[in-house]
Every structure is written in C-alpha cells, then in structure tokens.
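A.B. asks: File start34.cif below, mmCIF, C-alpha atoms:
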data_structure
#
loop_
_atom_site.label_atom_id
_atom_site.label_comp_id
_atom_site.auth_asym_id
_atom_site.auth_seq_id
_atom_site.Cartn_x
_atom_site.Cartn_y
_atom_site.Cartn_z
CA MET A 1 73.42 -24.81 17.08
CA ARG A 2 71.88 -24.46 20.54
CA THR A 3 71.24 -27.67 22.44
CA ALA A 4 67.55 -26.72 22.90
CA GLN A 5 67.03 -27.01 19.17
CA TRP A 6 67.97 -30.70 19.05
CA ILE A 7 66.68 -33.94 20.40
CA THR A 8 69.51 -36.20 21.45
CA ILE A 9 68.89 -39.80 20.61
CA VAL A 10 71.22 -42.43 21.86
CA LEU A 11 71.46 -45.37 19.55
CA LEU A 12 73.04 -48.61 20.50
CA VAL A 13 75.18 -49.71 17.62
CA PHE A 14 76.67 -53.10 17.88
CA ALA A 15 80.02 -52.69 16.25
CA PHE A 16 82.19 -55.59 16.86
CA SER A 17 85.85 -54.80 17.04
CA SER A 18 88.63 -57.28 17.37
CA CYS A 19 87.84 -57.46 21.10
CA ASN A 20 84.01 -57.52 20.56
CA GLU A 21 83.45 -54.21 22.46
CA LYS A 22 80.04 -52.50 22.18
CA LYS A 23 80.17 -48.78 21.35
CA LEU A 24 77.55 -46.06 21.97
CA ILE A 25 77.08 -43.57 19.13
CA GLU A 26 75.30 -40.25 19.86
CA VAL A 27 73.17 -38.99 16.99
CA GLN A 28 71.66 -35.48 16.87
CA VAL A 29 68.27 -35.06 15.16
CA PRO A 30 66.80 -31.58 14.49
CA LEU A 31 63.40 -30.70 15.93
CA PRO A 32 60.62 -30.30 13.38
CA GLU A 33 60.23 -26.79 12.03
CA LYS A 34 57.34 -24.66 13.33
CA GLU A 35 54.18 -25.50 11.40
CA VAL A 36 53.58 -23.12 8.52
CA LYS A 37 49.98 -22.62 7.42
CA ALA A 38 49.76 -23.15 3.69
CA ILE A 39 47.74 -20.81 1.52
CA LEU A 40 45.45 -23.15 -0.37
CA SER A 41 43.79 -20.78 -2.83
CA GLU A 42 43.85 -17.38 -4.48
CA PRO A 43 41.03 -14.86 -3.96
CA ASP A 44 39.91 -15.23 -7.57
CA ASP A 45 39.55 -19.00 -7.10
CA VAL A 46 36.69 -18.52 -4.64
CA LYS A 47 33.25 -18.74 -6.24
CA ALA A 48 29.83 -18.44 -4.68
CA ASP A 49 26.94 -20.68 -5.62
CA GLU A 50 24.70 -19.26 -8.32
CA GLY A 51 22.28 -16.70 -6.93
CA ALA A 52 21.22 -13.07 -6.76
CA PHE A 53 24.35 -11.86 -4.94
CA GLU A 54 27.93 -12.37 -6.04
CA LEU A 55 31.13 -12.30 -4.03
CA VAL A 56 32.85 -8.94 -4.10
CA LYS A 57 36.28 -9.51 -5.58
CA LEU A 58 39.02 -9.01 -3.02
CA PRO A 59 41.06 -6.07 -4.40
CA TYR A 60 44.41 -7.47 -3.19
CA GLN A 61 46.11 -10.78 -2.47
CA TYR A 62 45.70 -12.59 0.85
CA ASN A 63 49.22 -11.60 1.96
CA ALA A 64 48.93 -7.94 0.94
CA LEU A 65 47.88 -6.70 4.39
CA SER A 66 50.62 -8.49 6.32
CA PRO A 67 51.83 -8.01 9.03
CA SER A 68 48.66 -6.20 10.17
CA ILE A 69 46.51 -9.14 9.03
CA ASP A 70 48.32 -12.28 7.96
CA ALA A 71 47.61 -14.27 4.81
CA TYR A 72 46.17 -17.32 6.54
CA THR A 73 43.63 -15.22 8.45
CA MET A 74 42.62 -13.41 5.25
CA GLU A 75 42.23 -16.63 3.30
CA THR A 76 40.13 -18.26 6.00
CA HIS A 77 38.01 -15.15 6.45
CA TYR A 78 37.34 -14.56 2.75
CA SER A 79 37.11 -18.09 1.37
CA LYS A 80 35.25 -19.66 4.30
CA HIS A 81 33.26 -17.17 6.43
CA TYR A 82 32.41 -14.60 3.76
CA LEU A 83 31.64 -17.27 1.18
CA THR A 84 29.27 -18.99 3.61
CA TYR A 85 27.34 -15.76 4.29
CA THR A 86 27.02 -15.15 0.56
CA ASN A 87 25.76 -18.65 -0.21
CA ASN A 88 23.33 -18.59 2.71
CA LEU A 89 22.01 -15.18 1.66
CA ASN A 90 21.32 -16.46 -1.84
CA LYS A 91 19.42 -19.43 -0.39
CA ALA A 92 17.42 -17.13 1.89
CA VAL A 93 16.27 -14.78 -0.89
CA ALA A 94 15.66 -17.37 -3.61
CA GLY A 95 12.08 -17.10 -4.86
CA THR A 96 11.23 -14.13 -2.61
CA GLU A 97 10.68 -10.41 -3.15
CA PHE A 98 14.21 -9.77 -1.82
CA GLU A 99 15.82 -11.51 -4.78
CA LYS A 100 15.35 -8.43 -7.00
CA MET A 101 16.52 -5.87 -4.43
CA THR A 102 19.94 -4.33 -3.99
CA ILE A 103 21.68 -5.33 -0.78
CA GLU A 104 21.04 -1.91 0.76
CA GLU A 105 17.34 -2.05 -0.09
CA LEU A 106 17.19 -5.51 1.43
CA LEU A 107 18.95 -4.45 4.64
CA LYS A 108 16.41 -1.70 5.25
CA LYS A 109 13.71 -4.38 5.32
CA ALA A 110 15.70 -7.01 7.25
CA THR A 111 13.76 -7.08 10.51
CA THR A 112 14.35 -9.37 13.46
CA GLU A 113 11.33 -11.42 12.39
CA ASP A 114 13.56 -13.24 9.90
CA MET A 115 16.96 -13.65 11.54
CA VAL A 116 18.29 -15.98 8.84
CA LEU A 117 17.81 -13.25 6.26
CA ARG A 118 19.02 -10.48 8.59
CA ASN A 119 22.18 -12.29 9.70
CA ASN A 120 23.27 -13.40 6.26
CA ALA A 121 22.42 -10.14 4.52
CA GLY A 122 24.40 -8.33 7.20
CA GLY A 123 27.28 -10.77 6.92
CA TYR A 124 27.40 -10.20 3.18
CA TYR A 125 27.18 -6.40 3.23
CA ASN A 126 29.41 -5.88 6.26
CA HIS A 127 32.24 -7.93 4.79
CA ASN A 128 31.95 -6.17 1.43
CA LEU A 129 32.59 -2.85 3.16
CA PHE A 130 35.31 -4.34 5.37
CA TRP A 131 37.33 -5.61 2.39
CA GLU A 132 37.29 -2.24 0.67
CA SER A 133 38.04 -0.41 3.94
CA MET A 134 41.56 -1.87 3.82
CA GLY A 135 44.45 -1.85 1.41
CA PRO A 136 48.19 -2.45 1.11
CA LYS A 137 50.47 0.55 1.55
CA ALA A 138 47.59 2.37 3.23
CA GLY A 139 47.04 3.79 6.70
CA GLY A 140 47.98 7.30 7.73
CA GLN A 141 45.17 9.83 7.87
CA PRO A 142 42.33 10.91 5.58
CA LYS A 143 42.68 13.91 3.31
CA ASP A 144 40.55 16.58 1.72
CA THR A 145 36.80 16.66 2.45
CA LEU A 146 36.77 13.67 4.79
CA ALA A 147 39.65 15.06 6.84
CA LEU A 148 37.78 18.35 7.28
CA ALA A 149 34.58 16.53 8.25
CA ILE A 150 36.37 14.39 10.85
CA ALA A 151 37.97 17.49 12.36
CA ALA A 152 34.60 19.27 12.43
CA ASP A 153 32.57 16.39 13.91
CA PHE A 154 35.14 14.87 16.29
CA GLY A 155 37.45 17.79 17.03
CA SER A 156 40.49 16.03 15.59
CA PHE A 157 41.59 12.81 13.93
CA ASP A 158 43.05 11.63 17.23
CA ASN A 159 39.67 12.10 18.93
CA PHE A 160 37.99 10.11 16.17
CA ARG A 161 40.54 7.32 16.49
CA THR A 162 40.07 7.15 20.26
CA GLN A 163 36.31 6.85 19.87
CA PHE A 164 36.53 4.28 17.09
CA GLU A 165 39.03 2.10 18.94
CA ALA A 166 36.86 2.24 22.07
CA ALA A 167 33.76 1.21 20.12
CA ALA A 168 35.62 -1.76 18.65
CA ALA A 169 37.30 -2.82 21.89
CA GLN A 170 34.21 -2.46 24.07
CA GLN A 171 31.84 -4.33 21.76
CA PHE A 172 30.93 -7.32 23.89
CA GLY A 173 31.21 -10.55 21.95
CA SER A 174 31.00 -10.63 18.18
CA GLY A 175 30.20 -7.51 16.20
CA TRP A 176 31.40 -4.52 14.22
CA ALA A 177 32.68 -0.97 14.65
CA TRP A 178 31.57 1.71 12.19
CA LEU A 179 32.25 5.20 10.96
CA LEU A 180 28.98 6.36 9.45
CA VAL A 181 27.14 9.37 8.12
CA ASP A 182 23.90 9.90 10.04
CA LYS A 183 20.66 11.33 8.67
CA THR A 184 21.80 14.89 9.36
CA GLY A 185 25.03 14.41 7.40
CA LYS A 186 27.18 14.24 10.52
CA LEU A 187 29.89 11.64 11.05
CA GLN A 188 29.39 9.29 13.98
CA VAL A 189 31.10 6.24 15.46
CA ALA A 190 28.96 3.25 16.43
CA SER A 191 29.14 -0.46 17.08
CA THR A 192 26.66 -3.27 16.42
CA SER A 193 26.42 -6.85 17.58
CA ASN A 194 26.55 -9.98 15.46
CA GLN A 195 25.99 -9.07 11.78
CA ASP A 196 23.79 -6.02 12.39
CA ASN A 197 24.69 -2.69 10.82
CA PRO A 198 23.45 0.93 10.84
CA LEU A 199 21.25 0.43 7.75
CA MET A 200 18.99 -2.09 9.48
CA PRO A 201 15.68 -1.42 11.25
CA GLY A 202 16.24 -0.86 14.95
CA ALA A 203 19.82 0.43 14.65
CA LEU A 204 20.72 2.54 17.70
CA VAL A 205 22.74 4.89 15.47
CA PRO A 206 21.19 4.71 12.00
CA GLY A 207 23.03 5.95 8.95
CA LYS A 208 25.21 5.11 5.98
CA PRO A 209 28.42 3.21 6.94
CA ILE A 210 31.62 4.37 5.24
CA LEU A 211 34.22 2.40 7.26
CA ALA A 212 33.85 -1.02 8.89
CA LEU A 213 35.96 -3.05 11.30
CA ASP A 214 35.09 -6.70 11.92
CA VAL A 215 35.59 -7.67 15.57
CA TRP A 216 34.28 -11.20 15.33
CA GLU A 217 36.95 -13.58 16.62
CA HIS A 218 37.36 -15.19 13.21
CA ALA A 219 38.68 -11.85 11.95
CA TYR A 220 41.71 -11.83 14.23
CA TYR A 221 42.02 -14.83 16.57
CA LEU A 222 44.29 -16.95 14.35
CA GLN A 223 46.90 -14.19 14.53
CA TYR A 224 46.20 -12.15 17.66
CA GLN A 225 44.40 -14.69 19.88
CA TYR A 226 42.63 -12.79 22.69
CA LYS A 227 44.49 -9.51 22.04
CA ARG A 228 41.71 -7.68 20.23
CA LYS A 229 43.20 -4.27 21.02
CA ASN A 230 46.40 -5.16 19.14
CA TYR A 231 44.31 -6.10 16.11
CA ILE A 232 42.36 -2.83 16.32
CA ASN A 233 45.56 -0.85 16.53
CA ALA A 234 47.02 -2.71 13.52
CA PHE A 235 43.86 -1.97 11.52
CA PHE A 236 44.81 1.71 11.42
CA ASN A 237 47.94 0.79 9.46
CA ILE A 238 45.87 -0.57 6.58
CA ILE A 239 42.78 1.66 6.39
CA ASN A 240 42.20 2.68 2.78
CA TRP A 241 41.34 6.30 3.47
CA GLU A 242 41.04 7.10 -0.22
CA LYS A 243 38.17 4.62 -0.54
CA VAL A 244 36.62 5.74 2.76
CA GLY A 245 36.72 9.29 1.43
CA GLU A 246 34.89 8.18 -1.72
CA ASN A 247 32.28 6.46 0.45
CA TYR A 248 31.84 9.69 2.40
CA GLU A 249 31.35 11.80 -0.74
CA GLU A 250 28.74 9.34 -1.94
CA ALA A 251 26.94 9.25 1.40
CA ILE A 252 26.54 13.01 1.75
CA LYS A 253 25.01 13.21 -1.71
CA GLN A 254 22.20 10.81 -0.84
#
Go ahead and render the structure in this file as structure tokens.
C.D. replies:
Amino acid sequence: MRTAQWITIVLLVFAFSSCNEKKLIEVQVPLPEKEVKAILSEPDDVKADEGAFELVKLPYQYNALSPSIDAYTMETHYSKHYLTYTNNLNKAVAGTEFEKMTIEELLKKATTEDMVLRNNAGGYYNHNLFWESMGPKAGGQPKDTLALAIAADFGSFDNFRTQFEAAAAQQFGSGWAWLLVDKTGKLQVASTSNQDNPLMPGALVPGKPILALDVWEHAYYLQYQYKRKNYINAFFNIINWEKVGENYEEAIKQ
C-alpha cells in the first residue's frame, strides 16, 4: 500500500534483552476511511404534521437518481427542506379561507402581501413538481405530442435545452427554472426567484408549469458545491419525460 495512505507511528518499546538494549519498533496505522454520509430514513418514513396539505410521496428511493443526484442530497432535500415547507404551509393556512383550496387555487391568490403564505405555498408546490419531474432510468428526449410541441415552439430539442440550461444557470441566487405552457398554449422557458412560480400573481411569464428544476443551493451543493452548471447538465439524465408529457397534455386541455 502507498506510503501516503499510512501514518507512521514510532513506538518506543522497552524490550530488555540479555544486554538490556532498547529497540525501536515501527508500527503502521491506516488512515481513517473517507467519511460516508449515512442514510437515516426512507422516503415513506417522513411524515408531515397534520394539516390541509400532505407530503407528496417520493416515487423512488433516495439513491435512485444517483449519480446525477446522490442519496444524501435527496434525503436532506426531501426529509428536511420539503418537509419544513409543508409543515409551515399547514400552519399558515390553518383557520383561514386557504385551508379549503387546492394548492393551485391558493397560489393564484398568494400575493406579496403575505410572504409567509407565498413562500411556503411555493416551496410546497414547486417541490411536488420537481420530484415528479425526475425518475430513475430516465433522461433522453420527449416523445409524441410534447416532442412535436417543443420542436414547434423552440425549433428543436437542442434549442430548448440551451434555453432551459441558461435560465437555470443565470438565475441569480436561489430560484427555479421552468418549462411551462402559457395562456396561448405555447411552451416557454422561464425562471423565478426564491419560491415563486409562474402560477403566482406578478409572474413575469405566467402559465402552467410542466417541468421544474430547483436551483437553490440545498438542491445541489452537498454534491456539486459551486458547480451549478454540472448539476443542471446532470438533471437532463434523469428528467422523466413521460410524466412531463402527461403534464403537458393536461395543461393544454385547461
């Protein structure tokens, strides 16, 4: 084994021979292994506090998206950040008119006058879409109706990807990148800051989101550190285009 992998410790061992000579014995001790982050829970173990909105069940295990997104990042993201948004949303709507609304109905009324409601409702909805936007053994390109729509509205899939990656990479600070269907039925790429989304009042590009990419640091920093572009590129290996296509079909019917 290479010398760099060992710490050499010199121990003085007093071994008395017939002539009472002291001998030095060299002992090699291995360096500690690189720390491995333990997965502490399963997705189904995570439960929100009782309230109007429930956690969306993660449709795969924490390690299912590796190596694009590692298990420790997924566990932390789902069981800590997403859970917190869900619990805070339930506290914000308790005893109000919003408690009986669907999340989409609520978002359309989430103005900047109540940022606690707006931020937590956005955090809840945005993550719901993000989880279902991904899947194991996914990636590639969309098919059927969605593929035709992307070609029609962006010129090609490559053009769409370039625009989407730019929206995600150029979003300053925390936020999201979106593929959405606007009010005319056309596909557009957009980005929003913090937990805003295209359904909210004041959205620069309003519409129905069908694909979401989280570019908050908690979504990638444990694995990619400051290399957001690497994370964005890896995202295209795990996009669940079948589900995105279903979202598109639903959006154009509304």
A.B. asks: Could you spell out the hits of the PyMOL selection byres ((chain A and resi 156-173) around 7) on the shown file, as a VMD selection string?
C.D. replies: chain A and resid 150 to 151 154 to 155 174 to 177 189 to 191 215 228 to 229 232
A.B. asks: Write the residues you've just listed into a file as a tab-separated table (two decimals), in the frame of the given file, and include C-alpha atoms for each of them.
C.D. replies:
chain	number	residue	atom	x	y	z
A	150	ILE	CA	36.37	14.39	10.85
A	151	ALA	CA	37.97	17.49	12.36
A	154	PHE	CA	35.14	14.87	16.29
A	155	GLY	CA	37.45	17.79	17.03
A	174	SER	CA	31.00	-10.63	18.18
A	175	GLY	CA	30.20	-7.51	16.20
A	176	TRP	CA	31.40	-4.52	14.22
A	177	ALA	CA	32.68	-0.97	14.65
A	189	VAL	CA	31.10	6.24	15.46
A	190	ALA	CA	28.96	3.25	16.43
A	191	SER	CA	29.14	-0.46	17.08
A	215	VAL	CA	35.59	-7.67	15.57
A	228	ARG	CA	41.71	-7.68	20.23
A	229	LYS	CA	43.20	-4.27	21.02
A	232	ILE	CA	42.36	-2.83	16.32
A.B. asks: Counting all atoms listed in the file, I want the residues whose atoms come within 8 Å of (49.1, -5.0, 13.8) in the file frame, returned as JSON, numbers by chain.
C.D. replies: {"A": [67, 68, 69, 230, 231, 232, 233, 234, 235, 237]}
A.B. asks: Taking the file above as input, evaluate the PyMOL selection byres ((chain A and resi 77-81) around 12) and report the hits as number ranges by chain.
C.D. replies: A: 39-48, 55-62, 69-76, 82-88, 120, 123-124, 126-128, 130-131, 214, 216-222
A.B. asks: What separation in Å, quoted to one decimal, exists between atom CA of Pro209 of chain A and atom CA of Lys108 of chain A?
C.D. replies: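 Those two atoms sit 13.1 Å apart.
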A.B. asks: Name the residues captured by the PyMOL selection byres ((chain A and resi 106) around 10) when it is applied to the shown file; answer as a list in words.
C.D. replies: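 In the shown coordinates, the PyMOL selection byres ((chain A and resi 106) around 10) covers Val93, Glu97, Phe98, Glu99, Lys100, Met101, Thr102, Ile103, Glu104, Glu105, Leu107, Lys108, Lys109, Ala110, Thr111, Leu117, Arg118, Ala121, Gly122, Leu199 and Met200 of chain A.
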A.B. asks: In Å, with one decimal, what is the gap from atom CA of Asn197 of chain A to atom CA of Ala212 of chain A?
C.D. replies: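 Going from atom CA of Asn197 of chain A over to atom CA of Ala212 of chain A, I get 9.5 Å.
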A.B. asks: How far is it from atom CA of Asn194 of chain A to atom CA of Ile238 of chain A, in Å with one decimal?
C.D. replies: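 Interatomic distance here is 23.3 Å.
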A.B. asks: Which residue, A:Pro136, A:Gly245, A:Gly202, A:Pro142, has the smallest gap to Leu180 of chain A when you use all atoms listed in the file?
C.D. replies: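 Closest candidate: A:Gly245.
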A.B. asks: Got a minute to add N, CA and C atoms to segment 117-150 of chain A and dump it as a PDB file, in the frame of the given file?
C.D. replies:
ATOM      1  N   LEU A 117      17.598 -14.281   7.275  1.00  0.00           N
ATOM      2  CA  LEU A 117      17.810 -13.250   6.260  1.00  0.00           C
ATOM      3  C   LEU A 117      18.663 -12.113   6.809  1.00  0.00           C
ATOM      4  N   ARG A 118      18.317 -11.628   7.986  1.00  0.00           N
ATOM      5  CA  ARG A 118      19.020 -10.480   8.590  1.00  0.00           C
ATOM      6  C   ARG A 118      20.505 -10.794   8.809  1.00  0.00           C
ATOM      7  N   ASN A 119      20.787 -11.944   9.394  1.00  0.00           N
ATOM      8  CA  ASN A 119      22.180 -12.290   9.700  1.00  0.00           C
ATOM      9  C   ASN A 119      23.017 -12.469   8.447  1.00  0.00           C
ATOM     10  N   ASN A 120      22.472 -13.138   7.456  1.00  0.00           N
ATOM     11  CA  ASN A 120      23.270 -13.400   6.260  1.00  0.00           C
ATOM     12  C   ASN A 120      23.376 -12.199   5.339  1.00  0.00           C
ATOM     13  N   ALA A 121      22.324 -11.396   5.284  1.00  0.00           N
ATOM     14  CA  ALA A 121      22.420 -10.140   4.520  1.00  0.00           C
ATOM     15  C   ALA A 121      23.441  -9.214   5.161  1.00  0.00           C
ATOM     16  N   GLY A 122      23.404  -9.136   6.500  1.00  0.00           N
ATOM     17  CA  GLY A 122      24.400  -8.330   7.200  1.00  0.00           C
ATOM     18  C   GLY A 122      25.798  -8.867   7.003  1.00  0.00           C
ATOM     19  N   GLY A 123      25.962 -10.179   7.122  1.00  0.00           N
ATOM     20  CA  GLY A 123      27.280 -10.770   6.920  1.00  0.00           C
ATOM     21  C   GLY A 123      27.834 -10.496   5.542  1.00  0.00           C
ATOM     22  N   TYR A 124      26.968 -10.491   4.557  1.00  0.00           N
ATOM     23  CA  TYR A 124      27.400 -10.200   3.180  1.00  0.00           C
ATOM     24  C   TYR A 124      27.808  -8.734   3.021  1.00  0.00           C
ATOM     25  N   TYR A 125      26.912  -7.833   3.399  1.00  0.00           N
ATOM     26  CA  TYR A 125      27.180  -6.400   3.230  1.00  0.00           C
ATOM     27  C   TYR A 125      28.361  -5.929   4.081  1.00  0.00           C
ATOM     28  N   ASN A 126      28.373  -6.343   5.338  1.00  0.00           N
ATOM     29  CA  ASN A 126      29.410  -5.880   6.260  1.00  0.00           C
ATOM     30  C   ASN A 126      30.801  -6.264   5.767  1.00  0.00           C
ATOM     31  N   HIS A 127      30.935  -7.500   5.291  1.00  0.00           N
ATOM     32  CA  HIS A 127      32.240  -7.930   4.790  1.00  0.00           C
ATOM     33  C   HIS A 127      32.623  -7.197   3.504  1.00  0.00           C
ATOM     34  N   ASN A 128      31.644  -6.932   2.644  1.00  0.00           N
ATOM     35  CA  ASN A 128      31.950  -6.170   1.430  1.00  0.00           C
ATOM     36  C   ASN A 128      32.617  -4.841   1.774  1.00  0.00           C
ATOM     37  N   LEU A 129      32.039  -4.143   2.758  1.00  0.00           N
ATOM     38  CA  LEU A 129      32.590  -2.850   3.160  1.00  0.00           C
ATOM     39  C   LEU A 129      33.931  -3.030   3.869  1.00  0.00           C
ATOM     40  N   PHE A 130      34.059  -4.074   4.661  1.00  0.00           N
ATOM     41  CA  PHE A 130      35.310  -4.340   5.370  1.00  0.00           C
ATOM     42  C   PHE A 130      36.454  -4.558   4.392  1.00  0.00           C
ATOM     43  N   TRP A 131      36.248  -5.367   3.354  1.00  0.00           N
ATOM     44  CA  TRP A 131      37.330  -5.610   2.390  1.00  0.00           C
ATOM     45  C   TRP A 131      37.825  -4.316   1.753  1.00  0.00           C
ATOM     46  N   GLU A 132      36.885  -3.468   1.356  1.00  0.00           N
ATOM     47  CA  GLU A 132      37.290  -2.240   0.670  1.00  0.00           C
ATOM     48  C   GLU A 132      37.770  -1.172   1.640  1.00  0.00           C
ATOM     49  N   SER A 133      37.534  -1.353   2.936  1.00  0.00           N
ATOM     50  CA  SER A 133      38.040  -0.410   3.940  1.00  0.00           C
ATOM     51  C   SER A 133      39.537  -0.538   4.135  1.00  0.00           C
ATOM     52  N   MET A 134      40.132  -1.600   3.599  1.00  0.00           N
ATOM     53  CA  MET A 134      41.560  -1.870   3.820  1.00  0.00           C
ATOM     54  C   MET A 134      42.317  -1.900   2.497  1.00  0.00           C
ATOM     55  N   GLY A 135      43.623  -1.750   2.606  1.00  0.00           N
ATOM     56  CA  GLY A 135      44.450  -1.850   1.410  1.00  0.00           C
ATOM     57  C   GLY A 135      45.920  -1.887   1.771  1.00  0.00           C
ATOM     58  N   PRO A 136      46.738  -2.455   0.884  1.00  0.00           N
ATOM     59  CA  PRO A 136      48.190  -2.450   1.110  1.00  0.00           C
ATOM     60  C   PRO A 136      48.747  -1.031   0.943  1.00  0.00           C
ATOM     61  N   LYS A 137      49.818  -0.763   1.624  1.00  0.00           N
ATOM     62  CA  LYS A 137      50.470   0.550   1.550  1.00  0.00           C
ATOM     63  C   LYS A 137      49.462   1.662   1.863  1.00  0.00           C
ATOM     64  N   ALA A 138      48.633   1.410   2.855  1.00  0.00           N
ATOM     65  CA  ALA A 138      47.590   2.370   3.230  1.00  0.00           C
ATOM     66  C   ALA A 138      47.890   2.923   4.616  1.00  0.00           C
ATOM     67  N   GLY A 139      46.843   3.229   5.365  1.00  0.00           N
ATOM     68  CA  GLY A 139      47.040   3.790   6.700  1.00  0.00           C
ATOM     69  C   GLY A 139      47.180   5.296   6.660  1.00  0.00           C
ATOM     70  N   GLY A 140      47.829   5.847   7.657  1.00  0.00           N
ATOM     71  CA  GLY A 140      47.980   7.300   7.730  1.00  0.00           C
ATOM     72  C   GLY A 140      46.687   7.963   8.158  1.00  0.00           C
ATOM     73  N   GLN A 141      46.370   9.078   7.524  1.00  0.00           N
ATOM     74  CA  GLN A 141      45.170   9.830   7.870  1.00  0.00           C
ATOM     75  C   GLN A 141      44.416  10.225   6.617  1.00  0.00           C
ATOM     76  N   PRO A 142      43.118  10.478   6.745  1.00  0.00           N
ATOM     77  CA  PRO A 142      42.330  10.910   5.580  1.00  0.00           C
ATOM     78  C   PRO A 142      42.750  12.300   5.122  1.00  0.00           C
ATOM     79  N   LYS A 143      42.349  12.604   3.896  1.00  0.00           N
ATOM     80  CA  LYS A 143      42.680  13.910   3.310  1.00  0.00           C
ATOM     81  C   LYS A 143      41.416  14.593   2.814  1.00  0.00           C
ATOM     82  N   ASP A 144      41.576  15.826   2.422  1.00  0.00           N
ATOM     83  CA  ASP A 144      40.550  16.580   1.720  1.00  0.00           C
ATOM     84  C   ASP A 144      39.243  16.669   2.516  1.00  0.00           C
ATOM     85  N   THR A 145      38.106  16.432   1.842  1.00  0.00           N
ATOM     86  CA  THR A 145      36.800  16.660   2.450  1.00  0.00           C
ATOM     87  C   THR A 145      36.576  15.825   3.691  1.00  0.00           C
ATOM     88  N   LEU A 146      36.974  14.552   3.636  1.00  0.00           N
ATOM     89  CA  LEU A 146      36.770  13.670   4.790  1.00  0.00           C
ATOM     90  C   LEU A 146      37.594  14.138   5.977  1.00  0.00           C
ATOM     91  N   ALA A 147      38.808  14.570   5.746  1.00  0.00           N
ATOM     92  CA  ALA A 147      39.650  15.060   6.840  1.00  0.00           C
ATOM     93  C   ALA A 147      38.998  16.268   7.520  1.00  0.00           C
ATOM     94  N   LEU A 148      38.442  17.172   6.726  1.00  0.00           N
ATOM     95  CA  LEU A 148      37.780  18.350   7.280  1.00  0.00           C
ATOM     96  C   LEU A 148      36.535  17.956   8.079  1.00  0.00           C
ATOM     97  N   ALA A 149      35.798  16.966   7.562  1.00  0.00           N
ATOM     98  CA  ALA A 149      34.580  16.530   8.250  1.00  0.00           C
ATOM     99  C   ALA A 149      34.907  15.854   9.581  1.00  0.00           C
ATOM    100  N   ILE A 150      35.962  15.039   9.599  1.00  0.00           N
ATOM    101  CA  ILE A 150      36.370  14.390  10.850  1.00  0.00           C
ATOM    102  C   ILE A 150      36.790  15.436  11.880  1.00  0.00           C
TER     103      ILE A 150
END
